>>> print(open('start33.txt').read())   # compact mmCIF, N, CA and C atoms
# COMPACT_ATOMS: atom_id res chain seq x y z
N MET A 1 -11.66 50.26 26.16
CA MET A 1 -10.77 49.23 26.62
C MET A 1 -11.50 47.88 26.68
N TRP A 2 -12.62 47.83 27.44
CA TRP A 2 -13.37 46.59 27.53
C TRP A 2 -13.96 46.21 26.17
N ALA A 3 -14.41 47.19 25.46
CA ALA A 3 -15.00 46.93 24.16
C ALA A 3 -13.98 46.32 23.22
N ASP A 4 -12.73 46.79 23.30
CA ASP A 4 -11.67 46.22 22.45
C ASP A 4 -11.38 44.78 22.82
N LEU A 5 -11.37 44.49 24.12
CA LEU A 5 -11.10 43.12 24.56
C LEU A 5 -12.23 42.17 24.12
N ILE A 6 -13.47 42.63 24.28
CA ILE A 6 -14.60 41.79 23.86
C ILE A 6 -14.58 41.57 22.36
N ALA A 7 -14.28 42.60 21.59
CA ALA A 7 -14.22 42.47 20.13
C ALA A 7 -13.11 41.52 19.72
N ALA A 8 -11.95 41.62 20.40
CA ALA A 8 -10.83 40.74 20.08
C ALA A 8 -11.18 39.29 20.42
N HIS A 9 -11.83 39.11 21.53
CA HIS A 9 -12.21 37.74 21.95
C HIS A 9 -13.24 37.14 20.99
N SER A 10 -14.23 37.91 20.63
CA SER A 10 -15.26 37.38 19.74
C SER A 10 -14.71 37.12 18.34
N ASN A 11 -13.72 37.88 17.90
CA ASN A 11 -13.12 37.63 16.59
C ASN A 11 -12.25 36.38 16.60
N SER A 12 -11.66 36.07 17.78
CA SER A 12 -10.76 34.93 17.84
C SER A 12 -11.50 33.60 18.01
N MET A 13 -12.79 33.67 18.38
CA MET A 13 -13.55 32.41 18.57
C MET A 13 -13.93 31.82 17.23
N GLU A 14 -13.69 30.53 17.13
CA GLU A 14 -14.11 29.83 15.93
C GLU A 14 -15.46 29.17 16.25
N LEU A 15 -16.44 29.52 15.52
CA LEU A 15 -17.76 28.98 15.76
C LEU A 15 -17.92 27.66 15.03
N ASN A 16 -18.35 26.68 15.78
CA ASN A 16 -18.63 25.38 15.20
C ASN A 16 -20.14 25.32 14.99
N SER A 17 -20.55 25.48 13.81
CA SER A 17 -21.99 25.57 13.53
C SER A 17 -22.48 24.32 12.81
N ASP A 18 -22.39 23.19 13.48
CA ASP A 18 -22.97 21.97 12.92
C ASP A 18 -24.46 22.02 13.16
N ILE A 19 -25.19 21.89 12.11
CA ILE A 19 -26.64 21.93 12.21
C ILE A 19 -27.14 20.50 12.33
N CYS A 20 -27.88 20.26 13.40
CA CYS A 20 -28.43 18.92 13.55
C CYS A 20 -29.86 18.93 13.04
N THR A 21 -30.19 17.88 12.37
CA THR A 21 -31.55 17.77 11.83
C THR A 21 -32.35 16.84 12.72
N VAL A 22 -33.59 17.17 12.88
CA VAL A 22 -34.47 16.38 13.74
C VAL A 22 -35.65 15.92 12.89
N ASP A 23 -35.93 14.65 13.00
CA ASP A 23 -37.07 14.09 12.28
C ASP A 23 -38.33 14.36 13.10
N THR A 24 -39.13 15.31 12.68
CA THR A 24 -40.31 15.71 13.45
C THR A 24 -41.36 14.61 13.51
N SER A 25 -41.48 13.81 12.47
CA SER A 25 -42.48 12.73 12.50
C SER A 25 -42.11 11.68 13.55
N ALA A 26 -40.81 11.38 13.68
CA ALA A 26 -40.36 10.43 14.70
C ALA A 26 -40.60 11.01 16.09
N LEU A 27 -40.35 12.30 16.27
CA LEU A 27 -40.59 12.94 17.55
C LEU A 27 -42.08 12.91 17.91
N LYS A 28 -42.92 13.20 16.93
CA LYS A 28 -44.36 13.18 17.18
C LYS A 28 -44.83 11.77 17.51
N LEU A 29 -44.31 10.78 16.80
CA LEU A 29 -44.67 9.39 17.07
C LEU A 29 -44.22 8.97 18.47
N ASN A 30 -43.01 9.35 18.83
CA ASN A 30 -42.49 9.03 20.16
C ASN A 30 -43.30 9.73 21.25
N ALA A 31 -43.67 10.98 21.01
CA ALA A 31 -44.48 11.73 21.98
C ALA A 31 -45.85 11.08 22.13
N LYS A 32 -46.43 10.63 21.02
CA LYS A 32 -47.74 9.97 21.08
C LYS A 32 -47.66 8.67 21.86
N ARG A 33 -46.59 7.88 21.65
CA ARG A 33 -46.40 6.64 22.40
C ARG A 33 -46.29 6.92 23.90
N GLU A 34 -45.47 7.91 24.25
CA GLU A 34 -45.31 8.26 25.66
C GLU A 34 -46.62 8.76 26.26
N HIS A 35 -47.36 9.54 25.48
CA HIS A 35 -48.66 10.03 25.96
C HIS A 35 -49.61 8.86 26.21
N ASP A 36 -49.61 7.88 25.30
CA ASP A 36 -50.47 6.70 25.47
C ASP A 36 -50.08 5.90 26.72
N LYS A 37 -48.77 5.76 26.96
CA LYS A 37 -48.31 5.05 28.15
C LYS A 37 -48.75 5.77 29.42
N ILE A 38 -48.60 7.09 29.42
CA ILE A 38 -49.01 7.88 30.59
C ILE A 38 -50.51 7.77 30.81
N THR A 39 -51.28 7.84 29.74
CA THR A 39 -52.73 7.71 29.84
C THR A 39 -53.13 6.35 30.39
N GLU A 40 -52.45 5.30 29.92
CA GLU A 40 -52.74 3.95 30.41
C GLU A 40 -52.42 3.83 31.90
N LEU A 41 -51.28 4.37 32.32
CA LEU A 41 -50.92 4.33 33.74
C LEU A 41 -51.92 5.12 34.59
N LEU A 42 -52.34 6.27 34.10
CA LEU A 42 -53.32 7.06 34.85
C LEU A 42 -54.66 6.33 34.95
N ASP A 43 -55.04 5.62 33.89
CA ASP A 43 -56.27 4.82 33.94
C ASP A 43 -56.16 3.71 34.99
N LYS A 44 -54.99 3.04 35.03
CA LYS A 44 -54.78 1.99 36.03
C LYS A 44 -54.83 2.56 37.44
N ILE A 45 -54.24 3.74 37.64
CA ILE A 45 -54.28 4.39 38.95
C ILE A 45 -55.71 4.73 39.32
N HIS A 46 -56.48 5.21 38.36
CA HIS A 46 -57.88 5.56 38.61
C HIS A 46 -58.70 4.33 39.01
N VAL A 47 -58.50 3.22 38.31
CA VAL A 47 -59.22 1.99 38.62
C VAL A 47 -58.83 1.49 40.01
N THR A 48 -57.53 1.52 40.31
CA THR A 48 -57.06 1.08 41.62
C THR A 48 -57.63 1.97 42.72
N SER A 49 -57.67 3.25 42.47
CA SER A 49 -58.23 4.19 43.44
C SER A 49 -59.71 3.90 43.70
N ASN A 50 -60.47 3.67 42.63
CA ASN A 50 -61.89 3.35 42.79
C ASN A 50 -62.10 2.05 43.56
N ASN A 51 -61.29 1.04 43.24
CA ASN A 51 -61.40 -0.24 43.95
C ASN A 51 -61.06 -0.07 45.43
N THR A 52 -60.05 0.71 45.72
CA THR A 52 -59.66 0.96 47.10
C THR A 52 -60.76 1.70 47.85
N LEU A 53 -61.36 2.69 47.21
CA LEU A 53 -62.45 3.42 47.86
C LEU A 53 -63.65 2.50 48.12
N ASP A 54 -63.95 1.62 47.18
CA ASP A 54 -65.04 0.66 47.39
C ASP A 54 -64.75 -0.24 48.59
N GLN A 55 -63.52 -0.74 48.65
CA GLN A 55 -63.14 -1.60 49.78
C GLN A 55 -63.22 -0.83 51.10
N LEU A 56 -62.77 0.42 51.09
CA LEU A 56 -62.84 1.23 52.31
C LEU A 56 -64.28 1.46 52.74
N GLU A 57 -65.17 1.71 51.79
CA GLU A 57 -66.58 1.90 52.13
C GLU A 57 -67.17 0.62 52.74
N ARG A 58 -66.87 -0.53 52.14
CA ARG A 58 -67.37 -1.79 52.68
C ARG A 58 -66.81 -2.04 54.08
N THR A 59 -65.52 -1.79 54.24
CA THR A 59 -64.90 -1.98 55.54
C THR A 59 -65.48 -1.04 56.58
N ASP A 60 -65.75 0.19 56.19
CA ASP A 60 -66.33 1.16 57.10
C ASP A 60 -67.73 0.73 57.53
N LYS A 61 -68.54 0.22 56.59
CA LYS A 61 -69.87 -0.27 56.93
C LYS A 61 -69.77 -1.44 57.91
N LEU A 62 -68.87 -2.37 57.63
CA LEU A 62 -68.70 -3.52 58.51
C LEU A 62 -68.22 -3.08 59.89
N TYR A 63 -67.27 -2.16 59.93
CA TYR A 63 -66.75 -1.65 61.21
C TYR A 63 -67.87 -0.98 62.01
N ASN A 64 -68.64 -0.13 61.34
CA ASN A 64 -69.75 0.54 62.04
C ASN A 64 -70.78 -0.47 62.54
N PHE A 65 -71.06 -1.52 61.76
CA PHE A 65 -72.00 -2.55 62.21
C PHE A 65 -71.45 -3.26 63.45
N ILE A 66 -70.17 -3.61 63.41
CA ILE A 66 -69.57 -4.31 64.55
C ILE A 66 -69.60 -3.44 65.80
N ILE A 67 -69.36 -2.14 65.64
CA ILE A 67 -69.37 -1.24 66.79
C ILE A 67 -70.79 -1.11 67.36
N THR A 68 -71.78 -0.98 66.49
CA THR A 68 -73.14 -0.79 66.98
C THR A 68 -73.80 -2.10 67.41
N ASN A 69 -73.33 -3.24 66.88
CA ASN A 69 -73.91 -4.54 67.21
C ASN A 69 -72.81 -5.53 67.60
N PRO A 70 -72.25 -5.39 68.78
CA PRO A 70 -71.18 -6.32 69.16
C PRO A 70 -71.69 -7.75 69.25
N LEU A 71 -70.83 -8.68 68.96
CA LEU A 71 -71.22 -10.08 68.95
C LEU A 71 -71.64 -10.59 70.32
N ARG A 72 -71.22 -9.89 71.37
CA ARG A 72 -71.58 -10.37 72.70
C ARG A 72 -73.10 -10.39 72.90
N HIS A 73 -73.85 -9.61 72.09
CA HIS A 73 -75.30 -9.64 72.17
C HIS A 73 -75.88 -10.90 71.53
N PHE A 74 -75.14 -11.51 70.63
CA PHE A 74 -75.64 -12.65 69.89
C PHE A 74 -75.09 -13.99 70.37
N ILE A 75 -73.95 -13.97 71.06
CA ILE A 75 -73.33 -15.21 71.52
C ILE A 75 -73.62 -15.35 73.02
N PRO A 76 -74.22 -16.46 73.41
CA PRO A 76 -74.51 -16.64 74.84
C PRO A 76 -73.23 -16.74 75.66
N LYS A 77 -73.31 -16.29 76.91
CA LYS A 77 -72.13 -16.30 77.78
C LYS A 77 -71.70 -17.72 78.12
N THR A 78 -72.62 -18.66 77.99
CA THR A 78 -72.28 -20.05 78.31
C THR A 78 -71.51 -20.73 77.18
N LYS A 79 -71.54 -20.15 75.99
CA LYS A 79 -70.84 -20.73 74.84
C LYS A 79 -69.35 -20.50 75.01
N LYS A 80 -68.57 -21.56 74.93
CA LYS A 80 -67.12 -21.48 75.15
C LYS A 80 -66.38 -21.83 73.86
N PHE A 81 -65.29 -21.11 73.63
CA PHE A 81 -64.38 -21.38 72.52
C PHE A 81 -63.00 -21.58 73.13
N ASN A 82 -62.47 -22.77 73.05
CA ASN A 82 -61.20 -23.10 73.69
C ASN A 82 -61.22 -22.75 75.18
N ASN A 83 -62.31 -23.12 75.83
CA ASN A 83 -62.52 -22.89 77.27
C ASN A 83 -62.53 -21.42 77.65
N ARG A 84 -62.84 -20.56 76.71
CA ARG A 84 -62.95 -19.12 77.00
C ARG A 84 -64.25 -18.61 76.39
N SER A 85 -64.88 -17.68 77.08
CA SER A 85 -66.10 -17.09 76.54
C SER A 85 -65.75 -15.99 75.55
N TYR A 86 -66.74 -15.60 74.78
CA TYR A 86 -66.52 -14.54 73.79
C TYR A 86 -66.12 -13.23 74.48
N CYS A 87 -66.70 -12.96 75.65
CA CYS A 87 -66.37 -11.72 76.37
C CYS A 87 -64.89 -11.65 76.70
N GLU A 88 -64.29 -12.78 77.05
CA GLU A 88 -62.84 -12.79 77.35
C GLU A 88 -62.03 -12.48 76.09
N TYR A 89 -62.46 -13.05 74.96
CA TYR A 89 -61.78 -12.75 73.70
C TYR A 89 -61.92 -11.27 73.35
N GLU A 90 -63.11 -10.73 73.55
CA GLU A 90 -63.35 -9.32 73.24
C GLU A 90 -62.51 -8.41 74.14
N GLU A 91 -62.40 -8.73 75.43
CA GLU A 91 -61.58 -7.94 76.34
C GLU A 91 -60.11 -7.98 75.92
N GLU A 92 -59.65 -9.15 75.52
CA GLU A 92 -58.27 -9.27 75.06
C GLU A 92 -58.04 -8.46 73.79
N PHE A 93 -58.99 -8.54 72.86
CA PHE A 93 -58.88 -7.76 71.63
C PHE A 93 -58.82 -6.26 71.94
N GLU A 94 -59.71 -5.80 72.82
CA GLU A 94 -59.72 -4.38 73.17
C GLU A 94 -58.42 -3.95 73.84
N LEU A 95 -57.83 -4.84 74.65
CA LEU A 95 -56.55 -4.55 75.27
C LEU A 95 -55.48 -4.32 74.20
N TYR A 96 -55.38 -5.24 73.24
CA TYR A 96 -54.39 -5.10 72.17
C TYR A 96 -54.71 -3.91 71.28
N TYR A 97 -55.99 -3.64 71.06
CA TYR A 97 -56.38 -2.49 70.24
C TYR A 97 -55.94 -1.19 70.92
N ARG A 98 -56.17 -1.09 72.23
CA ARG A 98 -55.74 0.12 72.95
C ARG A 98 -54.22 0.27 72.90
N MET A 99 -53.50 -0.86 73.01
CA MET A 99 -52.05 -0.80 72.93
C MET A 99 -51.59 -0.34 71.55
N ALA A 100 -52.26 -0.80 70.51
CA ALA A 100 -51.87 -0.47 69.14
C ALA A 100 -52.24 0.96 68.77
N THR A 101 -53.32 1.47 69.32
CA THR A 101 -53.78 2.82 68.93
C THR A 101 -53.43 3.87 69.97
N GLY A 102 -52.61 3.52 70.93
CA GLY A 102 -52.17 4.51 71.90
C GLY A 102 -53.23 4.87 72.93
N GLY A 103 -54.09 3.94 73.28
CA GLY A 103 -55.05 4.16 74.34
C GLY A 103 -56.44 4.55 73.89
N ASN A 104 -56.66 4.67 72.60
CA ASN A 104 -58.01 5.01 72.12
C ASN A 104 -58.92 3.81 72.24
N SER A 105 -60.14 4.05 72.65
CA SER A 105 -61.10 2.97 72.78
C SER A 105 -61.77 2.70 71.44
N ILE A 106 -62.11 1.44 71.21
CA ILE A 106 -62.80 1.09 69.97
C ILE A 106 -64.27 1.50 70.04
N LYS A 107 -64.78 1.76 71.25
CA LYS A 107 -66.20 2.09 71.43
C LYS A 107 -66.43 3.58 71.52
N GLU A 108 -65.67 4.38 70.81
CA GLU A 108 -65.79 5.84 70.90
C GLU A 108 -67.12 6.34 70.42
>>> encode(input="start33.txt", output="structure tokens")
Amino acid sequence: MWADLIAAHSNSMELNSDICTVDTSALKLNAKREHDKITELLDKIHVTSNNTLDQLERTDKLYNFIITNPLRHFIPKTKKFNNRSYCEYEEEFELYYRMATGGNSIKE
């Protein structure tokens, strides 16, 4: 019964067998172009990543220097900037830093 229905259905279908041709040389050329674009983008990402890592290393060195050698050791307490000493500026900075980092101290 099922076999008869399937056979009848498959006999009644008209197959449209249009064969499409593909130019393989154009496909290969297009694939090579896309590959070159991807390679160029990956190279740019790699260069950007290296530059970012270099900047992070420099920043980390500077940060570590500032933590181990605070400016208050080098600037006399009598030196005033806008009628405020460096210690007052540093206390204010630490206050804002603690607020921004959720209470973590910069002198950990």
>>> select_by_dssp(input="start33.txt", residues="chain A", states="strand (DSSP E)", output="PyMOL selection string")
chain A and resi 80-81+84-85
>>> residues_around(input="start33.txt", residues="stretch 86-101 of chain A", least_positions_apart="5", cutoff="7 Å", atoms="all atoms listed in the file", output="tab-separated table (two decimals) with N, CA and C atoms, in the coordinates of the input")
chain	number	residue	atom	x	y	z
A	72	ARG	N	-71.22	-9.89	71.37
A	72	ARG	CA	-71.58	-10.37	72.70
A	72	ARG	C	-73.10	-10.39	72.90
A	76	PRO	N	-74.22	-16.46	73.41
A	76	PRO	CA	-74.51	-16.64	74.84
A	76	PRO	C	-73.23	-16.74	75.66
A	77	LYS	N	-73.31	-16.29	76.91
A	77	LYS	CA	-72.13	-16.30	77.78
A	77	LYS	C	-71.70	-17.72	78.12
A	79	LYS	N	-71.54	-20.15	75.99
A	79	LYS	CA	-70.84	-20.73	74.84
A	79	LYS	C	-69.35	-20.50	75.01
A	80	LYS	N	-68.57	-21.56	74.93
A	80	LYS	CA	-67.12	-21.48	75.15
A	80	LYS	C	-66.38	-21.83	73.86
A	81	PHE	N	-65.29	-21.11	73.63
A	81	PHE	CA	-64.38	-21.38	72.52
A	81	PHE	C	-63.00	-21.58	73.13
A	106	ILE	N	-62.11	1.44	71.21
A	106	ILE	CA	-62.80	1.09	69.97
A	106	ILE	C	-64.27	1.50	70.04
>>> atom_distance(input="start33.txt", atom1="atom CA of A:Ile75", atom2="atom CA of A:Gly102")
28.9 Å
>>> atom_distance(input="start33.txt", atom1="atom CA of A:Asn51", atom2="atom CA of A:Asn64")
19.9 Å
>>> select_by_dssp(input="start33.txt", residues="chain A", states="helix (DSSP H, G or I)", output="ChimeraX atom specification")
/A:2-12,24-68,71-73,86-100
>>> atom_distance(input="start33.txt", atom1="atom N of A:Tyr63", atom2="atom CA of A:Thr48")
21.2 Å
